[in-house]
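K.L.:
For reference, this is run04.tsv, and it has TSV, C-alpha atoms.
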```
chain	number	residue	atom	x	y	z
Q	1	MET	CA	-5.69	3.42	-13.46
Q	2	GLY	CA	-5.53	-0.17	-14.65
Q	3	GLU	CA	-7.63	-2.90	-13.10
Q	4	HIS	CA	-4.59	-4.43	-11.37
Q	5	ASP	CA	-2.52	-1.29	-10.67
Q	6	ALA	CA	-1.04	-1.39	-7.20
Q	7	PHE	CA	-1.43	2.36	-6.53
Q	8	TRP	CA	-3.11	5.39	-8.06
Q	9	VAL	CA	-3.69	8.99	-7.08
Q	10	ASP	CA	-7.36	9.85	-6.63
Q	11	HIS	CA	-7.23	13.39	-8.05
Q	12	GLY	CA	-11.02	13.81	-8.16
Q	13	HIS	CA	-11.52	12.94	-4.53
Q	14	ASP	CA	-8.51	15.07	-3.59
Q	15	ARG	CA	-10.21	18.10	-5.19
Q	16	GLU	CA	-13.56	17.30	-3.55
Q	17	LEU	CA	-12.01	17.14	-0.06
Q	18	ALA	CA	-10.07	20.39	-0.43
Q	19	ALA	CA	-11.32	23.06	1.96
Q	20	ASP	CA	-9.73	26.13	0.42
Q	21	GLY	CA	-7.79	25.19	-2.68
Q	22	PRO	CA	-7.48	22.68	-5.46
Q	23	SER	CA	-5.90	19.88	-3.37
Q	24	HIS	CA	-6.62	18.32	0.00
Q	25	TYR	CA	-3.19	16.66	-0.10
Q	26	ALA	CA	-1.54	20.07	-0.53
Q	27	GLU	CA	-3.46	21.30	2.53
Q	28	LEU	CA	-2.33	18.21	4.45
Q	29	VAL	CA	1.31	18.82	3.49
Q	30	ARG	CA	1.12	22.48	4.57
Q	31	ALA	CA	-0.52	21.49	7.88
Q	32	ASN	CA	2.12	18.82	8.57
Q	33	VAL	CA	5.37	20.55	7.65
Q	34	ALA	CA	6.95	18.98	10.75
Q	35	ALA	CA	6.57	15.56	9.07
Q	36	PHE	CA	9.43	16.62	6.78
Q	37	ASP	CA	11.83	17.62	9.58
Q	38	GLY	CA	15.16	15.93	9.03
Q	39	SER	CA	14.79	15.95	5.26
Q	40	TRP	CA	15.44	19.62	4.48
Q	41	GLY	CA	18.44	20.06	2.20
Q	42	ASP	CA	19.33	16.37	2.36
Q	43	ILE	CA	21.56	15.38	-0.53
Q	44	ALA	CA	19.42	12.24	-0.96
Q	45	PRO	CA	15.68	12.65	-1.54
Q	46	VAL	CA	14.80	9.51	0.45
Q	47	THR	CA	13.68	10.95	3.81
Q	48	PHE	CA	11.59	13.62	2.06
Q	49	ALA	CA	9.95	11.08	-0.28
Q	50	CYS	CA	9.16	8.73	2.62
Q	51	ALA	CA	7.49	11.57	4.56
Q	52	ALA	CA	5.46	12.59	1.49
Q	53	TRP	CA	4.39	8.95	1.00
Q	54	ARG	CA	3.28	8.56	4.64
Q	55	LEU	CA	1.11	11.67	4.32
Q	56	ALA	CA	-0.33	10.37	1.04
Q	57	ILE	CA	-1.42	6.96	2.35
Q	58	THR	CA	-2.36	7.78	5.94
Q	59	PRO	CA	-5.53	9.89	5.92
Q	60	SER	CA	-8.90	8.33	5.33
Q	61	PRO	CA	-9.62	8.45	2.49
Q	62	PRO	CA	-6.00	8.54	1.34
Q	63	TYR	CA	-4.55	10.64	-1.47
Q	64	VAL	CA	-2.99	7.49	-2.91
Q	65	ARG	CA	-5.40	4.59	-3.28
Q	66	ARG	CA	-4.22	1.00	-3.32
Q	67	HIS	CA	-5.30	-2.29	-4.83
Q	68	ARG	CA	-7.57	-4.34	-2.59
Q	69	ARG	CA	-4.83	-6.95	-2.05
Q	70	ILE	CA	-2.42	-4.43	-0.51
Q	71	LEU	CA	-2.75	-4.39	3.27
Q	72	SER	CA	0.12	-1.99	3.95
Q	73	ALA	CA	2.77	-0.08	2.04
Q	74	ALA	CA	5.60	1.68	3.81
Q	75	CYS	CA	8.73	3.33	2.50
Q	76	ASP	CA	11.79	3.76	4.70
Q	77	ARG	CA	15.35	4.96	4.47
Q	78	ASN	CA	17.62	1.94	4.63
Q	79	PRO	CA	19.98	2.51	7.58
Q	80	TRP	CA	22.75	0.51	5.90
Q	81	ASP	CA	23.32	2.84	2.94
Q	82	GLY	CA	20.57	5.47	2.94
Q	83	THR	CA	18.67	4.06	-0.05
Q	84	LEU	CA	14.90	3.72	-0.16
Q	85	THR	CA	13.28	0.40	0.75
Q	86	ALA	CA	9.60	-0.40	0.25
Q	87	HIS	CA	7.79	-2.81	2.57
Q	88	ILE	CA	4.53	-4.15	1.12
Q	89	LEU	CA	2.11	-6.67	2.62
Q	90	LEU	CA	-0.17	-8.38	0.07
Q	91	VAL	CA	-3.11	-10.74	0.51
Q	92	SER	CA	-2.27	-14.04	-1.13
Q	93	PRO	CA	-4.13	-17.26	-1.85
Q	94	LEU	CA	-3.10	-20.38	0.01
Q	95	PRO	CA	0.16	-21.90	-1.26
Q	96	ALA	CA	-0.09	-24.90	-3.56
Q	97	GLN	CA	1.19	-27.22	-0.83
Q	98	LEU	CA	-1.98	-26.52	1.16
Q	99	THR	CA	-4.44	-26.61	-1.73
Q	100	ALA	CA	-3.21	-29.87	-3.27
Q	101	SER	CA	-4.96	-31.80	-0.52
Q	102	ARG	CA	-7.44	-30.83	2.18
Q	103	GLU	CA	-6.34	-33.67	4.44
Q	104	TRP	CA	-4.72	-31.19	6.83
Q	105	TRP	CA	-8.10	-29.49	7.38
Q	106	ARG	CA	-9.25	-32.40	9.57
Q	107	ASP	CA	-12.85	-31.20	9.25
Q	108	ARG	CA	-12.11	-27.95	11.08
Q	109	GLY	CA	-13.72	-25.75	8.43
Q	110	TRP	CA	-10.68	-23.59	7.77
Q	111	ARG	CA	-11.46	-20.27	6.13
Q	112	GLU	CA	-9.35	-17.83	4.19
Q	113	TRP	CA	-9.62	-14.03	4.08
Q	114	PRO	CA	-13.17	-12.76	4.71
Q	115	GLN	CA	-14.35	-10.46	1.92
Q	116	THR	CA	-17.07	-7.86	1.66
Q	117	PHE	CA	-17.72	-6.31	-1.75
Q	118	GLY	CA	-14.33	-7.63	-2.88
Q	119	GLN	CA	-12.38	-6.04	-0.01
Q	120	TYR	CA	-10.24	-8.28	2.18
Q	121	LEU	CA	-11.07	-7.88	5.87
Q	122	GLU	CA	-9.85	-9.07	9.23
Q	123	PRO	CA	-12.18	-11.73	10.65
Q	124	THR	CA	-14.43	-10.34	13.35
Q	125	ASP	CA	-14.34	-11.61	16.92
Q	126	GLN	CA	-17.63	-13.36	16.17
Q	127	ASP	CA	-16.11	-15.02	13.06
Q	128	LEU	CA	-13.25	-16.33	15.20
Q	129	THR	CA	-15.68	-18.14	17.50
Q	130	ARG	CA	-17.02	-20.18	14.57
Q	131	ALA	CA	-14.00	-21.36	12.55
Q	132	PRO	CA	-10.22	-21.15	12.29
Q	133	PHE	CA	-8.77	-18.74	9.72
Q	134	LEU	CA	-5.64	-19.17	7.67
Q	135	ARG	CA	-4.96	-15.78	6.04
Q	136	THR	CA	-1.88	-15.93	3.87
Q	137	THR	CA	0.14	-12.87	2.92
Q	138	LEU	CA	3.22	-12.02	0.93
Q	139	LEU	CA	5.74	-9.67	2.50
Q	140	ILE	CA	7.74	-7.79	-0.11
Q	141	ASP	CA	10.83	-5.81	0.87
Q	142	ALA	CA	12.46	-4.18	-2.14
Q	143	PRO	CA	14.84	-1.35	-3.00
Q	144	ILE	CA	13.27	1.52	-4.94
Q	145	PRO	CA	15.36	3.50	-7.46
Q	146	LEU	CA	15.94	7.15	-6.56
Q	147	ASP	CA	16.46	8.65	-10.02
Q	148	ALA	CA	12.82	9.72	-10.52
Q	149	LEU	CA	12.49	11.39	-7.11
Q	150	PRO	CA	12.64	15.19	-6.92
Q	151	PRO	CA	15.45	16.71	-4.83
Q	152	ALA	CA	14.65	17.33	-1.18
Q	153	PRO	CA	13.76	21.00	-0.64
Q	154	ASP	CA	16.07	23.20	1.44
Q	155	GLY	CA	13.16	24.07	3.71
Q	156	PRO	CA	9.43	24.77	3.84
Q	157	SER	CA	8.27	26.88	0.91
Q	158	GLU	CA	5.27	27.52	-1.31
Q	159	SER	CA	6.43	24.74	-3.63
Q	160	LEU	CA	6.48	22.11	-0.85
Q	161	PRO	CA	3.10	20.53	-1.77
Q	162	ASP	CA	4.08	20.32	-5.45
Q	163	THR	CA	7.42	18.69	-4.61
Q	164	ALA	CA	5.66	16.24	-2.28
Q	165	ARG	CA	3.16	15.37	-5.04
Q	166	LEU	CA	6.05	14.73	-7.46
Q	167	ALA	CA	7.73	12.43	-4.93
Q	168	VAL	CA	4.48	10.52	-4.34
Q	169	ALA	CA	3.83	10.15	-8.07
Q	170	ALA	CA	7.37	8.84	-8.61
Q	171	LEU	CA	7.01	6.32	-5.78
Q	172	ALA	CA	3.62	5.18	-7.09
Q	173	ARG	CA	5.12	4.61	-10.57
Q	174	GLU	CA	8.05	2.62	-9.17
Q	175	LEU	CA	5.83	0.58	-6.87
Q	176	ASN	CA	3.41	-0.11	-9.72
Q	177	ALA	CA	6.28	-1.37	-11.88
Q	178	LEU	CA	7.30	-3.67	-9.04
Q	179	LEU	CA	3.92	-4.87	-7.77
Q	180	THR	CA	1.41	-4.74	-10.64
Q	181	PRO	CA	2.77	-7.91	-12.33
Q	182	ILE	CA	2.51	-9.75	-9.01
Q	183	ILE	CA	-1.03	-8.52	-8.43
Q	184	GLN	CA	-2.03	-9.45	-12.00
Q	185	LYS	CA	-0.76	-12.99	-11.43
Q	186	LEU	CA	-2.57	-13.30	-8.08
Q	187	GLU	CA	-5.81	-11.96	-9.54
Q	188	THR	CA	-5.76	-14.18	-12.65
Q	189	ALA	CA	-4.98	-17.20	-10.47
Q	190	GLN	CA	-8.22	-16.45	-8.58
Q	191	THR	CA	-10.34	-16.04	-11.73
Q	192	PRO	CA	-12.26	-19.23	-12.53
Q	193	GLY	CA	-11.25	-20.56	-15.94
```
Let me see the structure of the file written as structure tokens.

P.N.:
Amino acid sequence: MGEHDAFWVDHGHDRELAADGPSHYAELVRANVAAFDGSWGDIAPVTFACAAWRLAITPSPPYVRRHRRILSAACDRNPWDGTLTAHILLVSPLPAQLTASREWWRDRGWREWPQTFGQYLEPTDQDLTRAPFLRTTLLIDAPIPLDALPPAPDGPSESLPDTARLAVAALARELNALLTPIIQKLETAQTPG
């Protein structure tokens, strides 16, 4: 995992959480076979990959970890042509138009994203009684190539967890290729020079 990678699989934690095997994610896949309904035998691997991704990012702690700037990461089948579309919400600094001058602040004490130990947080109800918050985000909607995804299985089988892991790894690689340069730029823009 690089310092600015968007996503990475936490294999060590996955093994630690496993109740009766080498992988907690594999147990989660076996326990949630219904999450893959509608994907069995599909000629396109999109619905299967999206279900595997949802199971990988949903539990706490998740199988796939994400960079602190990523607030959400969903993958969906595009209803127009059946391709895979990623929807990512990233924490962003204020745009240049707002940082060039603080005249618009009008002594209101505007604040950006609250942080604790480097993690971006929602302001608490108490925070909102003290100052206004302007929390900027970037919404990224992008097509994801399908060539690295494994074929959708014909049905539940012993190899289901392995196929789901392959789909998740392929999505993480594609999303990293898409997002890591953006995250690197956002992070270096925040580093004092």

K.L.:
Measuring atom to atom with only C-alpha atoms, identify which of Q:His67, Q:Arg135, Q:Arg108, Q:Arg15 is nearest to Q:Glu122.

P.N.:
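That would be Q:Arg135, the residue with the smallest distance to Q:Glu122.
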
K.L.:
Can you write out as a Markdown table which residues of stretch 97-134 of chain Q fall within 12 Å of stretch 70-92 of chain Q, alongside each residue's closest atom pair and its distance in Å to one decimal, counting only C-alpha atoms and ordering rows by chain and ascending residue number?

P.N.:
```
| residue | atom | partner | partner_atom | distance |
| --- | --- | --- | --- | --- |
| Q:Glu112 | CA | Q:Ser92 | CA | 9.6 |
| Q:Trp113 | CA | Q:Val91 | CA | 8.1 |
| Q:Pro114 | CA | Q:Val91 | CA | 11.1 |
| Q:Gln115 | CA | Q:Val91 | CA | 11.3 |
| Q:Gln119 | CA | Q:Ile70 | CA | 10.1 |
| Q:Tyr120 | CA | Q:Val91 | CA | 7.7 |
| Q:Leu121 | CA | Q:Leu71 | CA | 9.4 |
| Q:Glu122 | CA | Q:Leu71 | CA | 10.4 |
| Q:Leu134 | CA | Q:Ser92 | CA | 10.7 |
```

K.L.:
Given the point (-10.1, 15.9, -5.2) in the file's coordinates, find the residues that have an atom at most 12 Å from it, counting only C-alpha atoms, and give them as a list in words.

P.N.:
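The distance filter leaves exactly Val9, Asp10, His11, Gly12, His13, Asp14, Arg15, Glu16, Leu17, Ala18, Ala19, Asp20, Gly21, Pro22, Ser23, His24, Tyr25, Ala26, Glu27, Pro61, Pro62, Tyr63 and Val64 of chain Q.
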
K.L.:
Point out the residue among Q:Pro93, Q:Pro151, Q:Pro145, Q:Pro156 with the least atom-to-atom distance to Q:Ala177, counting only C-alpha atoms.

P.N.:
Q:Pro145

K.L.:
Record the distance separating atom CA of Q:Asp42 and atom CA of Q:Ala56, expressed in Å with one decimal.

P.N.:
20.6 Å

K.L.:
Would you work out the distance separating atom CA of Q:Ala152 from atom CA of Q:Trp40, expressed in Å to one decimal?

P.N.:
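Straight-line distance from atom CA of Q:Ala152 to atom CA of Q:Trp40 works out to 6.2 Å.
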
K.L.:
Dump stretch 142-191 of chain Q with N, CA and C atoms to a file, as a CSV table (one decimal), in the first residue's frame.

P.N.:
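To be explicit, this is the file written out as part.csv:
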```csv
chain,number,residue,atom,x,y,z
Q,142,ALA,N,-17.3,7.6,-12.9
Q,142,ALA,CA,-16.4,7.2,-13.9
Q,142,ALA,C,-16.7,5.8,-14.4
Q,143,PRO,N,-16.5,5.5,-15.7
Q,143,PRO,CA,-16.6,4.1,-16.1
Q,143,PRO,C,-15.4,3.3,-15.7
Q,144,ILE,N,-15.6,2.0,-15.4
Q,144,ILE,CA,-14.5,1.2,-15.0
Q,144,ILE,C,-14.4,0.0,-16.0
Q,145,PRO,N,-13.2,-0.2,-16.6
Q,145,PRO,CA,-13.0,-1.3,-17.5
Q,145,PRO,C,-13.4,-2.6,-17.0
Q,146,LEU,N,-13.9,-3.5,-17.8
Q,146,LEU,CA,-14.3,-4.8,-17.3
Q,146,LEU,C,-13.3,-5.9,-17.6
Q,147,ASP,N,-12.3,-5.7,-18.4
Q,147,ASP,CA,-11.4,-6.7,-18.8
Q,147,ASP,C,-10.7,-7.5,-17.7
Q,148,ALA,N,-10.4,-6.9,-16.6
Q,148,ALA,CA,-9.7,-7.5,-15.5
Q,148,ALA,C,-10.7,-8.3,-14.5
Q,149,LEU,N,-12.0,-8.1,-14.7
Q,149,LEU,CA,-12.9,-8.8,-13.8
Q,149,LEU,C,-13.1,-10.2,-14.1
Q,150,PRO,N,-13.2,-11.1,-13.1
Q,150,PRO,CA,-13.4,-12.5,-13.4
Q,150,PRO,C,-14.9,-12.7,-13.9
Q,151,PRO,N,-15.1,-13.8,-14.7
Q,151,PRO,CA,-16.5,-14.0,-15.1
Q,151,PRO,C,-17.4,-14.3,-14.0
Q,152,ALA,N,-18.6,-13.9,-14.1
Q,152,ALA,CA,-19.6,-14.2,-13.1
Q,152,ALA,C,-19.9,-15.7,-13.0
Q,153,PRO,N,-19.9,-16.2,-11.8
Q,153,PRO,CA,-20.1,-17.7,-11.6
Q,153,PRO,C,-21.5,-18.1,-12.1
Q,154,ASP,N,-21.7,-19.3,-12.4
Q,154,ASP,CA,-23.0,-19.8,-12.8
Q,154,ASP,C,-23.9,-20.0,-11.6
Q,155,GLY,N,-23.4,-20.1,-10.4
Q,155,GLY,CA,-24.2,-20.2,-9.2
Q,155,GLY,C,-23.3,-20.3,-8.0
Q,156,PRO,N,-23.8,-20.4,-6.8
Q,156,PRO,CA,-23.0,-20.5,-5.6
Q,156,PRO,C,-22.2,-21.8,-5.7
Q,157,SER,N,-20.9,-21.7,-5.3
Q,157,SER,CA,-20.0,-22.9,-5.3
Q,157,SER,C,-18.9,-22.6,-4.2
Q,158,GLU,N,-18.1,-23.6,-4.1
Q,158,GLU,CA,-17.0,-23.5,-3.1
Q,158,GLU,C,-16.0,-22.4,-3.6
Q,159,SER,N,-15.9,-22.1,-4.9
Q,159,SER,CA,-15.0,-21.1,-5.4
Q,159,SER,C,-15.6,-19.7,-5.3
Q,160,LEU,N,-16.8,-19.5,-4.8
Q,160,LEU,CA,-17.4,-18.2,-4.8
Q,160,LEU,C,-16.6,-17.1,-4.0
Q,161,PRO,N,-16.1,-17.4,-2.8
Q,161,PRO,CA,-15.3,-16.4,-2.1
Q,161,PRO,C,-14.0,-16.0,-2.9
Q,162,ASP,N,-13.4,-17.0,-3.6
Q,162,ASP,CA,-12.2,-16.7,-4.3
Q,162,ASP,C,-12.5,-15.8,-5.5
Q,163,THR,N,-13.6,-16.1,-6.2
Q,163,THR,CA,-14.0,-15.3,-7.3
Q,163,THR,C,-14.4,-13.9,-6.9
Q,164,ALA,N,-15.0,-13.8,-5.7
Q,164,ALA,CA,-15.4,-12.4,-5.2
Q,164,ALA,C,-14.1,-11.7,-4.8
Q,165,ARG,N,-13.1,-12.3,-4.2
Q,165,ARG,CA,-11.8,-11.7,-3.9
Q,165,ARG,C,-11.1,-11.2,-5.2
Q,166,LEU,N,-11.2,-12.0,-6.2
Q,166,LEU,CA,-10.6,-11.6,-7.5
Q,166,LEU,C,-11.3,-10.3,-8.1
Q,167,ALA,N,-12.6,-10.3,-8.0
Q,167,ALA,CA,-13.3,-9.1,-8.5
Q,167,ALA,C,-13.0,-7.9,-7.7
Q,168,VAL,N,-12.9,-8.0,-6.4
Q,168,VAL,CA,-12.6,-6.9,-5.5
Q,168,VAL,C,-11.2,-6.4,-5.8
Q,169,ALA,N,-10.3,-7.3,-5.9
Q,169,ALA,CA,-8.9,-6.9,-6.2
Q,169,ALA,C,-8.8,-6.2,-7.5
Q,170,ALA,N,-9.5,-6.6,-8.6
Q,170,ALA,CA,-9.5,-6.0,-9.9
Q,170,ALA,C,-10.1,-4.6,-9.8
Q,171,LEU,N,-11.2,-4.5,-9.0
Q,171,LEU,CA,-11.8,-3.1,-8.9
Q,171,LEU,C,-10.9,-2.2,-8.1
Q,172,ALA,N,-10.3,-2.7,-7.1
Q,172,ALA,CA,-9.4,-1.9,-6.3
Q,172,ALA,C,-8.2,-1.4,-7.2
Q,173,ARG,N,-7.7,-2.2,-8.0
Q,173,ARG,CA,-6.6,-1.8,-8.9
Q,173,ARG,C,-7.1,-0.7,-9.9
Q,174,GLU,N,-8.2,-0.9,-10.5
Q,174,GLU,CA,-8.8,0.1,-11.4
Q,174,GLU,C,-9.1,1.4,-10.7
Q,175,LEU,N,-9.7,1.3,-9.6
Q,175,LEU,CA,-10.0,2.5,-8.8
Q,175,LEU,C,-8.7,3.3,-8.4
Q,176,ASN,N,-7.7,2.5,-8.0
Q,176,ASN,CA,-6.4,3.1,-7.6
Q,176,ASN,C,-5.8,3.8,-8.8
Q,177,ALA,N,-5.9,3.2,-10.0
Q,177,ALA,CA,-5.3,3.9,-11.2
Q,177,ALA,C,-6.1,5.2,-11.5
Q,178,LEU,N,-7.4,5.2,-11.2
Q,178,LEU,CA,-8.2,6.4,-11.4
Q,178,LEU,C,-8.0,7.5,-10.4
Q,179,LEU,N,-8.0,7.0,-9.1
Q,179,LEU,CA,-8.1,8.0,-8.0
Q,179,LEU,C,-6.8,8.4,-7.3
Q,180,THR,N,-5.8,7.5,-7.3
Q,180,THR,CA,-4.5,7.8,-6.6
Q,180,THR,C,-3.9,9.0,-7.1
Q,181,PRO,N,-3.8,9.3,-8.4
Q,181,PRO,CA,-3.2,10.6,-8.9
Q,181,PRO,C,-4.0,11.8,-8.3
Q,182,ILE,N,-5.3,11.7,-8.2
Q,182,ILE,CA,-6.1,12.8,-7.7
Q,182,ILE,C,-5.8,13.0,-6.2
Q,183,ILE,N,-5.7,11.9,-5.5
Q,183,ILE,CA,-5.5,12.0,-4.1
Q,183,ILE,C,-4.1,12.5,-3.8
Q,184,GLN,N,-3.1,12.1,-4.6
Q,184,GLN,CA,-1.7,12.6,-4.5
Q,184,GLN,C,-1.7,14.1,-4.6
Q,185,LYS,N,-2.4,14.6,-5.6
Q,185,LYS,CA,-2.4,16.0,-5.9
Q,185,LYS,C,-3.1,16.8,-4.7
Q,186,LEU,N,-4.2,16.2,-4.2
Q,186,LEU,CA,-4.9,16.9,-3.1
Q,186,LEU,C,-4.0,16.9,-1.8
Q,187,GLU,N,-3.3,15.8,-1.6
Q,187,GLU,CA,-2.5,15.7,-0.4
Q,187,GLU,C,-1.3,16.6,-0.5
Q,188,THR,N,-0.6,16.7,-1.7
Q,188,THR,CA,0.6,17.5,-1.8
Q,188,THR,C,0.2,19.0,-1.8
Q,189,ALA,N,-1.1,19.3,-2.2
Q,189,ALA,CA,-1.5,20.7,-2.1
Q,189,ALA,C,-1.7,21.1,-0.7
Q,190,GLN,N,-2.0,20.1,0.2
Q,190,GLN,CA,-2.2,20.4,1.6
Q,190,GLN,C,-0.9,20.5,2.4
Q,191,THR,N,0.2,19.9,1.9
Q,191,THR,CA,1.4,19.9,2.6
Q,191,THR,C,2.1,21.2,2.5
```
